[in-house]
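Okay, coords-v2.cif now, which holds mmCIF, C-alpha atoms:
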```cif
data_work
#
loop_
_atom_site.label_atom_id
_atom_site.label_comp_id
_atom_site.auth_asym_id
_atom_site.auth_seq_id
_atom_site.Cartn_x
_atom_site.Cartn_y
_atom_site.Cartn_z
CA MET A 531 -10.06 28.57 -25.90
CA GLU A 532 -8.87 26.50 -22.94
CA LYS A 533 -7.88 29.72 -21.22
CA SER A 534 -11.28 31.35 -21.49
CA HIS A 535 -12.99 28.40 -19.79
CA ARG A 536 -10.35 28.28 -17.04
CA LEU A 537 -10.70 24.51 -17.07
CA TYR A 538 -7.22 24.19 -15.60
CA LEU A 539 -8.77 25.15 -12.25
CA VAL A 540 -11.04 22.13 -12.50
CA TYR A 541 -8.07 19.86 -13.13
CA LEU A 542 -6.14 21.56 -10.35
CA SER A 543 -8.95 20.88 -7.89
CA LEU A 544 -9.07 17.24 -9.02
CA MET A 545 -5.28 16.93 -8.58
CA PHE A 546 -5.58 18.42 -5.12
CA SER A 547 -8.33 15.95 -4.19
CA LEU A 548 -6.07 13.09 -5.34
CA VAL A 549 -3.30 14.40 -3.06
CA LEU A 550 -5.79 14.51 -0.20
CA ALA A 551 -6.64 10.89 -0.91
CA VAL A 552 -3.05 9.80 -0.18
CA VAL A 553 -2.06 12.21 2.62
CA PRO A 554 -0.74 10.03 5.45
CA LEU A 555 -3.16 9.95 8.37
CA PRO A 556 -3.19 8.12 11.71
CA ALA A 557 -4.78 4.68 11.50
CA MET A 558 -7.79 5.73 13.57
CA VAL A 559 -8.75 8.67 11.34
CA LYS A 560 -7.95 6.85 8.11
CA LEU A 561 -11.09 4.73 8.22
CA PHE A 562 -13.21 7.87 8.08
CA ARG A 563 -11.44 9.56 5.19
CA PRO A 564 -14.05 10.72 2.67
CA ASP A 565 -13.54 9.90 -1.01
CA TRP A 566 -12.34 13.38 -1.93
CA PRO A 567 -11.74 12.75 -5.66
CA LEU A 568 -15.20 11.30 -6.14
CA LEU A 569 -16.90 14.18 -4.34
CA VAL A 570 -14.99 16.80 -6.34
CA LEU A 571 -15.70 14.93 -9.58
CA PHE A 572 -19.33 14.79 -8.59
CA TYR A 573 -19.53 18.54 -8.18
CA TRP A 574 -17.90 19.29 -11.52
CA ALA A 575 -20.03 16.70 -13.30
CA LEU A 576 -23.12 18.44 -11.90
CA ALA A 577 -21.94 21.96 -12.59
CA LEU A 578 -20.21 21.48 -15.96
CA PRO A 579 -21.63 18.24 -17.39
CA PHE A 580 -20.41 19.07 -20.88
CA ARG A 581 -16.83 19.61 -19.72
CA VAL A 582 -16.34 17.03 -16.97
CA SER A 583 -17.85 13.67 -17.70
CA ILE A 584 -17.00 10.01 -18.02
CA GLY A 585 -13.61 10.58 -19.68
CA THR A 586 -12.37 12.75 -16.82
CA ALA A 587 -13.84 10.32 -14.28
CA PHE A 588 -12.00 7.45 -15.93
CA VAL A 589 -8.66 9.29 -15.85
CA VAL A 590 -9.08 10.37 -12.21
CA GLY A 591 -10.12 6.86 -11.21
CA PHE A 592 -7.13 5.41 -13.01
CA LEU A 593 -4.76 7.86 -11.27
CA LEU A 594 -6.33 6.86 -7.95
CA ASP A 595 -5.73 3.19 -8.81
CA VAL A 596 -2.07 3.95 -9.45
CA LEU A 597 -1.74 6.06 -6.30
CA VAL A 598 -3.39 3.67 -3.90
CA GLY A 599 -2.28 0.39 -5.38
CA THR A 600 -5.63 -1.24 -6.04
CA VAL A 601 -5.89 -3.46 -9.11
CA LEU A 602 -5.57 -1.12 -12.12
CA GLY A 603 -8.96 -0.15 -13.51
CA VAL A 604 -11.11 -0.89 -10.45
CA ASN A 605 -11.58 2.71 -9.37
CA ALA A 606 -11.59 3.85 -13.00
CA LEU A 607 -14.56 1.59 -13.70
CA ALA A 608 -16.45 2.56 -10.55
CA TYR A 609 -15.89 6.29 -11.13
CA SER A 610 -16.99 6.04 -14.76
CA ILE A 611 -20.22 4.29 -13.85
CA ILE A 612 -21.08 6.69 -11.05
CA ILE A 613 -20.33 9.78 -13.12
CA TYR A 614 -22.41 8.28 -15.90
CA PHE A 615 -25.47 8.23 -13.65
CA CYS A 616 -24.59 11.64 -12.28
CA SER A 617 -24.29 13.16 -15.77
CA ALA A 618 -27.43 11.48 -17.02
CA HIS A 619 -29.47 12.90 -14.14
CA HIS A 620 -27.60 16.11 -13.50
CA LEU A 621 -30.63 18.33 -14.16
CA LYS A 622 -32.66 16.48 -11.53
CA ILE A 623 -29.88 16.34 -8.94
CA ARG A 624 -29.09 20.04 -9.39
CA ASN A 625 -32.63 20.95 -8.36
CA PHE A 626 -32.46 19.02 -5.10
CA SER A 627 -31.87 20.86 -1.86
CA ILE A 628 -28.40 20.47 -0.39
CA LEU A 629 -29.63 17.91 2.16
CA GLN A 630 -31.31 15.83 -0.52
CA GLN A 631 -28.12 16.03 -2.54
CA SER A 632 -26.19 14.71 0.47
CA LEU A 633 -28.54 11.75 0.61
CA VAL A 634 -28.11 11.08 -3.10
CA ILE A 635 -24.33 11.32 -2.62
CA ALA A 636 -24.55 8.83 0.25
CA LEU A 637 -26.43 6.47 -2.04
CA PHE A 638 -23.84 6.82 -4.76
CA LEU A 639 -20.99 6.40 -2.26
CA ALA A 640 -22.56 3.27 -0.80
CA PHE A 641 -22.91 1.88 -4.29
CA TYR A 642 -19.29 2.83 -5.00
CA HIS A 643 -17.98 1.05 -1.91
CA TYR A 644 -20.04 -2.08 -2.48
CA PHE A 645 -18.93 -2.12 -6.08
CA ILE A 646 -15.23 -1.73 -5.17
CA PHE A 647 -15.59 -4.41 -2.53
CA TRP A 648 -17.30 -6.76 -4.91
CA LEU A 649 -14.64 -6.26 -7.60
CA SER A 650 -11.78 -6.63 -5.10
CA HIS A 651 -13.46 -9.71 -3.69
CA PHE A 652 -13.59 -11.21 -7.15
CA LEU A 653 -10.04 -10.16 -8.06
CA THR A 654 -8.11 -10.63 -4.82
CA GLY A 655 -10.49 -12.21 -2.30
CA VAL A 656 -11.09 -9.76 0.55
CA VAL A 657 -13.59 -10.01 3.40
CA PHE A 658 -16.24 -7.44 4.14
CA THR A 659 -16.57 -5.54 7.41
CA MET A 660 -19.04 -2.77 8.15
CA ALA A 661 -16.15 -0.37 8.88
CA TYR A 662 -15.61 -0.04 5.11
CA LEU A 663 -18.80 1.99 4.91
CA TRP A 664 -17.67 4.84 7.18
CA PRO A 665 -16.59 7.01 4.20
CA VAL A 666 -20.21 6.92 3.01
CA VAL A 667 -21.28 8.76 6.17
CA THR A 668 -18.34 11.19 6.23
CA GLY A 669 -18.62 11.78 2.48
CA ALA A 670 -22.29 12.76 2.77
CA ALA A 671 -21.41 14.95 5.75
CA VAL A 672 -18.69 16.94 3.96
CA TRP A 673 -20.69 17.30 0.70
CA PRO A 674 -22.37 20.65 1.65
CA TRP A 675 -18.97 22.19 2.38
CA ILE A 676 -17.41 20.88 -0.80
CA PHE A 677 -20.41 22.14 -2.75
CA TRP A 678 -20.13 25.57 -1.19
CA LEU A 679 -16.35 25.82 -1.67
CA LEU A 680 -16.33 24.66 -5.28
CA ARG A 681 -19.28 26.86 -6.19
CA ARG A 682 -17.43 29.84 -4.80
CA ILE A 683 -14.38 28.91 -6.84
CA ARG A 684 -16.51 28.42 -9.95
CA ARG A 685 -18.24 31.78 -9.59
CA GLN A 686 -15.12 33.66 -8.56
CA PHE A 687 -13.12 32.48 -11.55
CA LYS A 688 -16.10 32.24 -13.91
CA ILE A 689 -15.34 28.67 -14.94
CA HIS A 690 -17.82 27.51 -17.54
CA MET B 763 -30.34 26.52 -24.11
CA LYS B 764 -27.53 24.86 -25.92
CA PRO B 765 -27.37 21.10 -26.05
CA ILE B 766 -25.28 19.68 -23.25
CA PHE B 767 -23.33 17.06 -25.11
CA GLU B 768 -22.75 19.00 -28.27
CA ARG B 769 -19.48 17.32 -29.13
CA GLY B 770 -18.15 13.83 -29.01
CA PRO B 771 -19.92 10.51 -28.61
CA SER B 772 -23.10 10.06 -26.60
CA LEU B 773 -23.07 9.33 -22.89
CA PRO B 774 -23.82 5.58 -23.03
CA LEU B 775 -21.16 5.14 -25.69
CA ARG B 776 -18.61 6.91 -23.50
CA LEU B 777 -19.57 4.67 -20.59
CA PHE B 778 -19.23 1.63 -22.80
CA LEU B 779 -15.73 2.72 -23.84
CA ALA B 780 -14.73 3.40 -20.22
CA VAL B 781 -16.03 0.00 -19.08
CA LEU B 782 -14.19 -1.70 -21.92
CA CYS B 783 -10.92 0.08 -21.06
CA SER B 784 -11.16 -0.66 -17.34
CA VAL B 785 -12.05 -4.32 -17.80
CA GLY B 786 -9.05 -4.56 -20.14
CA LEU B 787 -6.84 -2.91 -17.54
CA MET B 788 -8.07 -5.20 -14.77
CA THR B 789 -7.43 -8.31 -16.82
CA LEU B 790 -4.00 -7.02 -17.77
CA ASP B 791 -3.12 -6.18 -14.19
CA ARG B 792 -4.51 -9.22 -12.44
CA PHE B 793 -4.17 -12.10 -14.84
CA THR B 794 -0.96 -11.33 -16.73
CA ASP B 795 2.59 -10.61 -15.61
CA SER B 796 3.25 -7.73 -17.98
CA SER B 797 1.82 -5.12 -15.65
CA THR B 798 4.76 -5.00 -13.20
CA GLN B 799 6.83 -2.92 -15.59
CA LEU B 800 3.84 -0.75 -16.44
CA ARG B 801 3.16 -0.16 -12.77
CA SER B 802 6.76 0.87 -12.18
CA TYR B 803 6.46 3.57 -14.83
CA LEU B 804 3.13 4.71 -13.47
CA THR B 805 4.44 4.84 -9.90
CA ALA B 806 7.37 6.92 -11.14
CA THR B 807 4.99 9.30 -12.92
CA VAL B 808 2.81 9.93 -9.90
CA SER B 809 5.57 9.99 -7.27
CA PRO B 810 5.58 13.85 -7.10
CA LEU B 811 2.04 13.57 -5.75
CA TYR B 812 3.28 11.39 -2.89
CA TYR B 813 5.98 13.91 -2.05
CA LEU B 814 3.34 16.65 -2.13
CA ALA B 815 1.02 14.66 0.10
CA ASN B 816 3.83 14.03 2.54
CA LEU B 817 4.77 17.71 2.73
CA PRO B 818 2.54 18.77 5.67
CA GLN B 819 3.79 15.94 7.86
CA ALA B 820 7.41 16.55 6.87
CA MET B 821 7.06 20.24 7.64
CA LEU B 822 5.45 19.54 10.98
CA SER B 823 8.18 17.18 12.09
CA ASP B 824 10.82 19.63 10.83
CA ALA B 825 9.22 22.42 12.79
CA SER B 826 9.01 20.34 15.95
CA GLU B 827 12.71 19.53 15.62
CA GLN B 828 13.46 23.19 14.99
CA PHE B 829 11.71 24.33 18.15
CA MET B 830 12.85 21.52 20.40
CA SER B 831 14.48 22.99 23.45
CA HIS B 832 18.20 22.78 24.04
CA GLN B 833 17.62 20.90 27.26
CA ARG B 834 15.55 18.22 25.57
CA LEU B 835 18.09 17.84 22.79
CA LEU B 836 20.81 17.27 25.36
CA GLU B 837 18.68 14.71 27.16
CA GLN B 838 17.89 12.91 23.95
CA ASN B 839 21.54 12.96 22.94
CA GLN B 840 22.53 11.47 26.27
CA LYS B 841 19.94 8.74 25.93
CA LEU B 842 20.99 7.89 22.40
CA ARG B 843 24.63 7.72 23.47
CA GLU B 844 23.74 5.25 26.17
CA THR B 845 21.78 3.11 23.74
CA LEU B 846 24.64 3.21 21.27
CA LEU B 847 27.13 2.15 23.91
CA ARG B 848 24.93 -0.71 25.05
CA GLN B 849 24.32 -1.91 21.53
CA ASN B 850 27.98 -1.61 20.54
CA THR B 851 28.89 -3.83 23.45
CA GLN B 852 26.35 -6.39 22.33
CA MET B 853 27.63 -6.00 18.80
CA GLN B 854 31.16 -7.07 19.83
CA ARG B 855 29.81 -10.26 21.27
CA LEU B 856 27.67 -10.76 18.17
CA GLN B 857 30.64 -10.36 15.86
CA PHE B 858 32.54 -12.97 17.83
CA LEU B 859 29.59 -15.35 17.64
CA GLN B 860 29.24 -14.66 13.93
CA GLN B 861 32.86 -15.57 13.34
CA GLU B 862 32.51 -18.69 15.39
CA ASN B 863 29.35 -19.60 13.52
CA ASP B 864 31.06 -19.07 10.15
CA LYS B 865 33.94 -21.28 11.25
CA LEU B 866 31.62 -24.03 12.44
CA ARG B 867 29.63 -23.82 9.24
CA SER B 868 32.78 -24.12 7.16
CA LEU B 869 33.79 -27.15 9.23
CA LEU B 870 30.42 -28.69 8.44
CA GLY B 871 30.96 -27.94 4.77
CA SER B 872 28.14 -25.47 4.30
CA VAL B 873 28.34 -21.97 2.91
CA PRO B 874 28.80 -19.25 5.56
CA VAL B 875 25.90 -16.84 5.92
CA ALA B 876 27.25 -13.51 4.69
CA ASP B 877 26.00 -10.16 5.85
CA SER B 878 23.82 -8.47 3.29
CA LYS B 879 23.63 -4.81 2.31
CA ARG B 880 21.01 -2.66 4.02
CA LEU B 881 19.47 0.73 3.46
CA VAL B 882 17.11 2.82 5.55
CA ALA B 883 14.09 4.25 3.74
CA GLU B 884 11.31 6.55 4.84
CA VAL B 885 7.64 5.78 4.27
CA LEU B 886 6.00 8.30 1.92
CA ALA B 887 2.47 6.95 1.93
CA VAL B 888 0.73 4.15 3.76
CA TYR B 889 -2.08 3.25 1.58
CA SER B 890 -5.18 3.30 3.52
CA HIS B 891 -7.42 1.38 1.20
CA PRO B 892 -8.84 -1.46 3.27
CA PHE B 893 -8.37 -3.83 0.35
CA SER B 894 -4.69 -3.19 -0.23
CA ASN B 895 -2.12 -3.00 2.53
CA GLN B 896 0.76 -1.35 0.79
CA ILE B 897 3.25 1.38 1.51
CA VAL B 898 5.30 3.66 -0.72
CA ILE B 899 8.89 4.35 0.30
CA ASN B 900 11.27 7.08 -0.79
CA LYS B 901 13.95 4.83 -2.30
CA GLY B 902 13.84 3.52 -5.84
CA SER B 903 15.93 2.02 -8.60
CA ASN B 904 18.39 4.94 -8.27
CA ASP B 905 19.33 3.48 -4.90
CA GLY B 906 19.49 -0.06 -6.24
CA VAL B 907 16.09 -1.21 -5.03
CA VAL B 908 14.75 -4.21 -6.95
CA ALA B 909 11.38 -5.92 -7.03
CA GLN B 910 10.74 -8.70 -4.46
CA GLN B 911 13.22 -7.22 -2.07
CA PRO B 912 12.43 -7.86 1.61
CA LEU B 913 11.54 -5.01 3.94
CA ILE B 914 12.07 -5.17 7.70
CA ASP B 915 12.10 -2.85 10.70
CA ASP B 916 13.46 -3.12 14.23
CA LEU B 917 10.60 -5.40 15.32
CA GLY B 918 10.20 -7.82 12.46
CA VAL B 919 9.49 -8.44 8.79
CA LEU B 920 7.19 -5.93 7.09
CA GLY B 921 6.79 -7.11 3.51
CA GLN B 922 8.35 -7.01 0.09
CA ILE B 923 8.83 -4.55 -2.75
CA VAL B 924 6.40 -5.05 -5.63
CA SER B 925 7.10 -2.20 -8.02
CA VAL B 926 10.05 0.13 -8.36
CA GLY B 927 10.27 3.65 -9.74
CA PRO B 928 13.45 5.76 -9.97
CA THR B 929 12.91 7.61 -6.67
CA SER B 930 10.12 5.72 -4.95
CA SER B 931 8.85 2.19 -4.76
CA ARG B 932 5.80 0.34 -3.53
CA ALA B 933 5.85 -2.49 -1.05
CA LEU B 934 3.26 -5.12 -0.20
CA LEU B 935 2.87 -5.72 3.52
CA ILE B 936 2.61 -9.22 4.99
CA SER B 937 -0.95 -8.39 6.07
CA ASP B 938 -2.20 -7.88 2.49
CA THR B 939 -4.69 -10.45 1.26
CA THR B 940 -2.52 -11.23 -1.77
CA HIS B 941 0.61 -11.88 0.31
CA ALA B 942 1.87 -15.13 1.79
CA ILE B 943 5.18 -15.83 3.50
CA SER B 944 6.98 -19.05 4.34
CA LEU B 945 7.72 -19.34 8.06
CA ARG B 946 9.16 -21.72 10.63
CA VAL B 947 8.01 -22.26 14.17
CA GLU B 948 11.08 -21.39 16.21
CA ARG B 949 10.35 -23.94 18.95
CA ASN B 950 10.28 -27.07 16.79
CA GLY B 951 11.18 -26.04 13.24
CA ASP B 952 7.79 -26.86 11.71
CA HIS B 953 7.24 -25.12 8.39
CA VAL B 954 4.12 -23.05 7.95
CA VAL B 955 2.81 -20.51 5.45
CA ALA B 956 1.17 -17.31 6.69
CA GLU B 957 -1.26 -15.39 4.53
CA GLY B 958 -2.49 -11.84 5.04
CA LEU B 959 -6.11 -11.08 5.92
CA GLY B 960 -6.16 -7.37 5.12
CA GLN B 961 -5.92 -6.52 8.82
CA SER B 962 -2.75 -4.98 10.15
CA ASP B 963 -2.72 -6.96 13.38
CA GLU B 964 -3.42 -10.49 12.19
CA VAL B 965 -2.24 -13.08 9.70
CA ARG B 966 -3.53 -16.61 9.26
CA LEU B 967 -1.48 -19.80 9.05
CA MET B 968 -2.63 -21.94 6.16
CA HIS B 969 -3.22 -25.68 6.03
CA ILE B 970 -2.14 -26.67 9.54
CA PRO B 971 -3.21 -30.26 10.23
CA HIS B 972 -5.01 -31.01 13.50
CA SER B 973 -2.10 -33.11 14.69
CA ALA B 974 0.41 -30.27 14.31
CA ASP B 975 2.41 -29.26 17.34
CA ILE B 976 1.64 -25.58 17.55
CA GLN B 977 0.88 -23.53 20.65
CA GLN B 978 -0.23 -20.11 21.61
CA GLY B 979 2.80 -17.84 21.99
CA ASP B 980 4.93 -19.72 19.48
CA LYS B 981 7.40 -17.45 17.73
CA LEU B 982 7.33 -17.62 13.93
CA ILE B 983 10.51 -16.72 12.02
CA THR B 984 11.22 -16.62 8.30
CA SER B 985 12.29 -19.96 6.90
CA GLY B 986 14.15 -18.66 3.87
CA LEU B 987 12.43 -21.29 1.73
CA ASP B 988 10.50 -18.81 -0.39
CA GLY B 989 13.73 -17.46 -1.83
CA ILE B 990 12.68 -13.89 -1.04
CA PHE B 991 13.01 -13.39 2.70
CA PRO B 992 16.34 -14.17 4.34
CA GLU B 993 16.22 -16.84 7.03
CA GLY B 994 15.76 -16.19 10.70
CA TYR B 995 13.94 -12.85 10.98
CA PRO B 996 11.05 -12.71 13.47
CA VAL B 997 7.65 -12.27 11.82
CA ALA B 998 4.74 -13.04 14.10
CA GLU B 999 3.55 -14.69 17.28
CA VAL B 1000 0.74 -17.22 17.43
CA VAL B 1001 -2.14 -15.64 19.34
CA ARG B 1002 -5.21 -17.71 18.64
CA ILE B 1003 -5.85 -21.34 17.75
CA SER B 1004 -9.35 -22.65 17.23
CA ARG B 1005 -9.57 -26.41 17.26
CA ASN B 1006 -12.76 -27.24 15.44
CA ALA B 1007 -12.80 -30.88 14.37
CA GLN B 1008 -15.35 -30.11 11.66
CA GLN B 1009 -12.86 -27.91 9.84
CA PRO B 1010 -10.32 -29.71 7.65
CA PHE B 1011 -7.48 -27.68 9.15
CA LEU B 1012 -6.64 -25.89 12.37
CA GLN B 1013 -7.53 -22.20 12.39
CA VAL B 1014 -4.34 -20.55 13.59
CA TYR B 1015 -3.95 -16.78 13.80
CA ALA B 1016 -0.75 -14.88 14.50
CA ARG B 1017 0.02 -11.27 15.31
CA PRO B 1018 2.89 -9.68 13.37
CA TYR B 1019 5.66 -8.28 15.57
CA ALA B 1020 6.03 -5.23 13.34
CA GLN B 1021 3.38 -2.56 13.87
CA LEU B 1022 2.13 -2.52 10.33
CA ASP B 1023 -0.27 0.37 10.81
CA ARG B 1024 2.32 2.85 12.06
CA ILE B 1025 5.45 2.33 10.04
CA ARG B 1026 7.68 5.35 9.64
CA TYR B 1027 11.14 4.02 8.74
CA VAL B 1028 11.95 0.73 7.11
CA LEU B 1029 15.11 -1.20 6.41
CA LEU B 1030 15.66 -2.58 2.94
CA VAL B 1031 17.64 -5.82 2.86
CA TRP B 1032 19.44 -6.96 -0.25
CA PRO B 1033 19.10 -10.69 -0.62
CA LYS B 1034 22.35 -12.46 -1.26
CA ALA B 1035 22.23 -13.47 -4.90
CA LYS B 1036 24.33 -16.55 -4.31
CA PRO B 1037 22.43 -19.68 -5.31
CA GLU B 1038 24.24 -22.92 -4.55
CA ILE B 1039 24.95 -23.68 -8.20
CA ASP B 1040 26.73 -20.40 -8.82
CA GLU B 1041 28.74 -21.07 -5.70
CA GLN B 1042 30.22 -24.22 -7.14
CA ILE B 1043 30.99 -22.81 -10.58
CA ALA B 1044 32.60 -19.57 -9.48
CA PRO B 1045 33.35 -19.27 -5.76
CA PRO B 1046 33.06 -15.56 -4.98
CA ASP B 1047 35.49 -15.43 -2.08
CA ALA B 1048 38.36 -17.31 -0.57
CA GLU B 1049 36.37 -18.90 2.21
CA ALA B 1050 33.77 -20.31 -0.14
CA ALA B 1051 36.60 -21.55 -2.36
CA ALA B 1052 38.07 -23.39 0.59
CA VAL B 1053 34.68 -24.92 1.33
CA ALA B 1054 34.27 -26.02 -2.26
CA GLY B 1055 37.77 -27.48 -2.19
CA ASP B 1056 36.98 -29.53 0.89
CA ARG B 1057 34.01 -31.17 -0.77
#
```
Render the structure in this file as structure tokens.
Amino acid sequence: MEKSHRLYLVYLSLMFSLVLAVVPLPAMVKLFRPDWPLLVLFYWALALPFRVSIGTAFVVGFLLDVLVGTVLGVNALAYSIIIYFCSAHHLKIRNFSILQQSLVIALFLAFYHYFIFWLSHFLTGVVFTMAYLWPVVTGAAVWPWIFWLLRRIRRQFKIH
Amino acid sequence: MKPIFERGPSLPLRLFLAVLCSVGLMTLDRFTDSSTQLRSYLTATVSPLYYLANLPQAMLSDASEQFMSHQRLLEQNQKLRETLLRQNTQMQRLQFLQQENDKLRSLLGSVPVADSKRLVAEVLAVYSHPFSNQIVINKGSNDGVVAQQPLIDDLGVLGQIVSVGPTSSRALLISDTTHAISLRVERNGDHVVAEGLGQSDEVRLMHIPHSADIQQGDKLITSGLDGIFPEGYPVAEVVRISRNAQQPFLQVYARPYAQLDRIRYVLLVWPKAKPEIDEQIAPPDAEAAAVAGDR
């Protein structure tokens, strides 16, 4: 049954996005790194809402917490909440044009970053600078390409 | 059209479960001590991902070494030889001074400062999250790495190990907001504590009274009082002091000597596990025995 859905490709793409999240980059570029795992999760939650949902989001967020060394559970919580909204409104978001989707993504990303900041502020006491919001812009900018790439993969391999 | 959530609990219930789990995790991780062990296991589990993520860079640097011209290799070799010669010469003098220092210390009746074991490690991942300044290195418990071990490089102190896996471990940098380090002003021996701000080029000195004798350009070295960092390693230089009488304390900022945002190789230092009490019960070597006998 697992085989016929080819769900392993979904998990592979999520794994790959997690690797991208920790690839060493020069300090200048690092600030602009988009949140790859969240974007990939977002696509799968829109495309296959009955396969990829809050459970997957929680696991990916938790793995990200382990990989990047934030307090355990911070990213897991943020990912779960965002994918909850995404799943609940997936029919609406699917019907948006790609540009509108980018805007919605930007909104979600901004919420994600504020949320992470707020939690980290409460848990470890960090200070906010506007530079933390760069991934919102880059994330919205790379969304069309991610959408296109993952849709090709989904259609090519008939993942459903 | 088939119903979307045909199996399993409803969406809000799933969210509720996820929120419950993550709040539990956060409490466990932040407000109890039991998570260190858990984190070690988790770090060990995900360490293949770090190696994978490091692959492109490793391949690139391999390739550039592969294609380096013969001429350049020779030049580099020559340069390295010269550096080695120069440093060996300095080393001889240093060894002599070390011996003299040990002798003087034994005359004074204090324990000689022994050389500690070191190990070079490579950085696998610098975590980029603005809220956590941490790095992952490619040495773990298989190489004898232990938690709270200090990490230095050729310029100064970098941080300390926080969780250890078999082949990789995670270190907290001195610039992290959860890190503080006990320091001494080299000029006058004043003790200060520096806390991280989450920025790689600045740390803040805590609770400095307005009357303190501290100046711009003062060199800060480890005091050894925290029991983690060995004494005498350079850490940071005071760059900015704002004297605002309305604040209860001086606002003193220092710039770490180590370039925390571009670390490639680090040196692990094994602290000498020789507390004074152990020294008196079972002197580990002849010299310490002589010192104890003198007392």
For a test of reading the model, state the distance in Å between CA of Ile623 in chain A and CA of Leu594 in chain A, rounded to one decimal.
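Here the two named atoms are 25.4 Å from each other.
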Range 627-643 of chain A: which residues within 12 Å, counting all atoms listed in the file, same-chain residues fewer than 3 positions away excluded, as an mmCIF file with C-alpha atoms, in the frame of the given file?
```cif
data_model
loop_
_atom_site.group_PDB
_atom_site.id
_atom_site.type_symbol
_atom_site.label_atom_id
_atom_site.label_comp_id
_atom_site.auth_asym_id
_atom_site.auth_seq_id
_atom_site.Cartn_x
_atom_site.Cartn_y
_atom_site.Cartn_z
ATOM 1 C CA PRO A 564 -14.050 10.720 2.670
ATOM 2 C CA ASP A 565 -13.540 9.900 -1.010
ATOM 3 C CA TRP A 566 -12.340 13.380 -1.930
ATOM 4 C CA PRO A 567 -11.740 12.750 -5.660
ATOM 5 C CA LEU A 568 -15.200 11.300 -6.140
ATOM 6 C CA LEU A 569 -16.900 14.180 -4.340
ATOM 7 C CA VAL A 570 -14.990 16.800 -6.340
ATOM 8 C CA LEU A 571 -15.700 14.930 -9.580
ATOM 9 C CA PHE A 572 -19.330 14.790 -8.590
ATOM 10 C CA TYR A 573 -19.530 18.540 -8.180
ATOM 11 C CA LEU A 576 -23.120 18.440 -11.900
ATOM 12 C CA GLY A 591 -10.120 6.860 -11.210
ATOM 13 C CA VAL A 604 -11.110 -0.890 -10.450
ATOM 14 C CA ASN A 605 -11.580 2.710 -9.370
ATOM 15 C CA ALA A 606 -11.590 3.850 -13.000
ATOM 16 C CA LEU A 607 -14.560 1.590 -13.700
ATOM 17 C CA ALA A 608 -16.450 2.560 -10.550
ATOM 18 C CA TYR A 609 -15.890 6.290 -11.130
ATOM 19 C CA SER A 610 -16.990 6.040 -14.760
ATOM 20 C CA ILE A 611 -20.220 4.290 -13.850
ATOM 21 C CA ILE A 612 -21.080 6.690 -11.050
ATOM 22 C CA ILE A 613 -20.330 9.780 -13.120
ATOM 23 C CA TYR A 614 -22.410 8.280 -15.900
ATOM 24 C CA PHE A 615 -25.470 8.230 -13.650
ATOM 25 C CA CYS A 616 -24.590 11.640 -12.280
ATOM 26 C CA HIS A 619 -29.470 12.900 -14.140
ATOM 27 C CA HIS A 620 -27.600 16.110 -13.500
ATOM 28 C CA LYS A 622 -32.660 16.480 -11.530
ATOM 29 C CA ILE A 623 -29.880 16.340 -8.940
ATOM 30 C CA ARG A 624 -29.090 20.040 -9.390
ATOM 31 C CA ILE A 646 -15.230 -1.730 -5.170
ATOM 32 C CA PHE A 647 -15.590 -4.410 -2.530
ATOM 33 C CA TRP A 648 -17.300 -6.760 -4.910
ATOM 34 C CA LEU A 649 -14.640 -6.260 -7.600
ATOM 35 C CA SER A 650 -11.780 -6.630 -5.100
ATOM 36 C CA HIS A 651 -13.460 -9.710 -3.690
ATOM 37 C CA PHE A 658 -16.240 -7.440 4.140
ATOM 38 C CA THR A 659 -16.570 -5.540 7.410
ATOM 39 C CA MET A 660 -19.040 -2.770 8.150
ATOM 40 C CA ALA A 661 -16.150 -0.370 8.880
ATOM 41 C CA TYR A 662 -15.610 -0.040 5.110
ATOM 42 C CA LEU A 663 -18.800 1.990 4.910
ATOM 43 C CA TRP A 664 -17.670 4.840 7.180
ATOM 44 C CA PRO A 665 -16.590 7.010 4.200
ATOM 45 C CA VAL A 666 -20.210 6.920 3.010
ATOM 46 C CA VAL A 667 -21.280 8.760 6.170
ATOM 47 C CA THR A 668 -18.340 11.190 6.230
ATOM 48 C CA GLY A 669 -18.620 11.780 2.480
ATOM 49 C CA ALA A 670 -22.290 12.760 2.770
ATOM 50 C CA ALA A 671 -21.410 14.950 5.750
ATOM 51 C CA VAL A 672 -18.690 16.940 3.960
ATOM 52 C CA TRP A 673 -20.690 17.300 0.700
ATOM 53 C CA PRO A 674 -22.370 20.650 1.650
ATOM 54 C CA TRP A 675 -18.970 22.190 2.380
ATOM 55 C CA ILE A 676 -17.410 20.880 -0.800
ATOM 56 C CA PHE A 677 -20.410 22.140 -2.750
ATOM 57 C CA TRP A 678 -20.130 25.570 -1.190
ATOM 58 C CA HIS B 891 -7.420 1.380 1.200
ATOM 59 C CA PRO B 892 -8.840 -1.460 3.270
ATOM 60 C CA PHE B 893 -8.370 -3.830 0.350
#
```
Interatomic distance, CA of Leu680 in chain A to CA of Leu814 in chain B (Å, one decimal):
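Between CA of Leu680 in chain A and CA of Leu814 in chain B the gap works out to 21.5 Å.
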Residues of chain A within 8 Å of chain B, only C-alpha atoms counted, as a PyMOL selection string:
chain A and resi 549-550+552-554+556-557+560-561+579-580+584-585+588+593+596-604+606-607+610-611+614+618+647+650+653-657+662
Between CA of Val919 in chain B and CA of Ile943 in chain B, distance in Å (one decimal)
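Between CA of Val919 in chain B and CA of Ile943 in chain B the gap works out to 10.1 Å.
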Just want the 7 Å neighbourhood of Lys901 in chain B, counted on all atoms listed in the file, with same-chain residues fewer than 2 positions away dropped. Output as a list of chain:residue names.
B:Ala883, B:Ile899, B:Asp905, B:Val907, B:Thr929, B:Ser930, B:Ser931
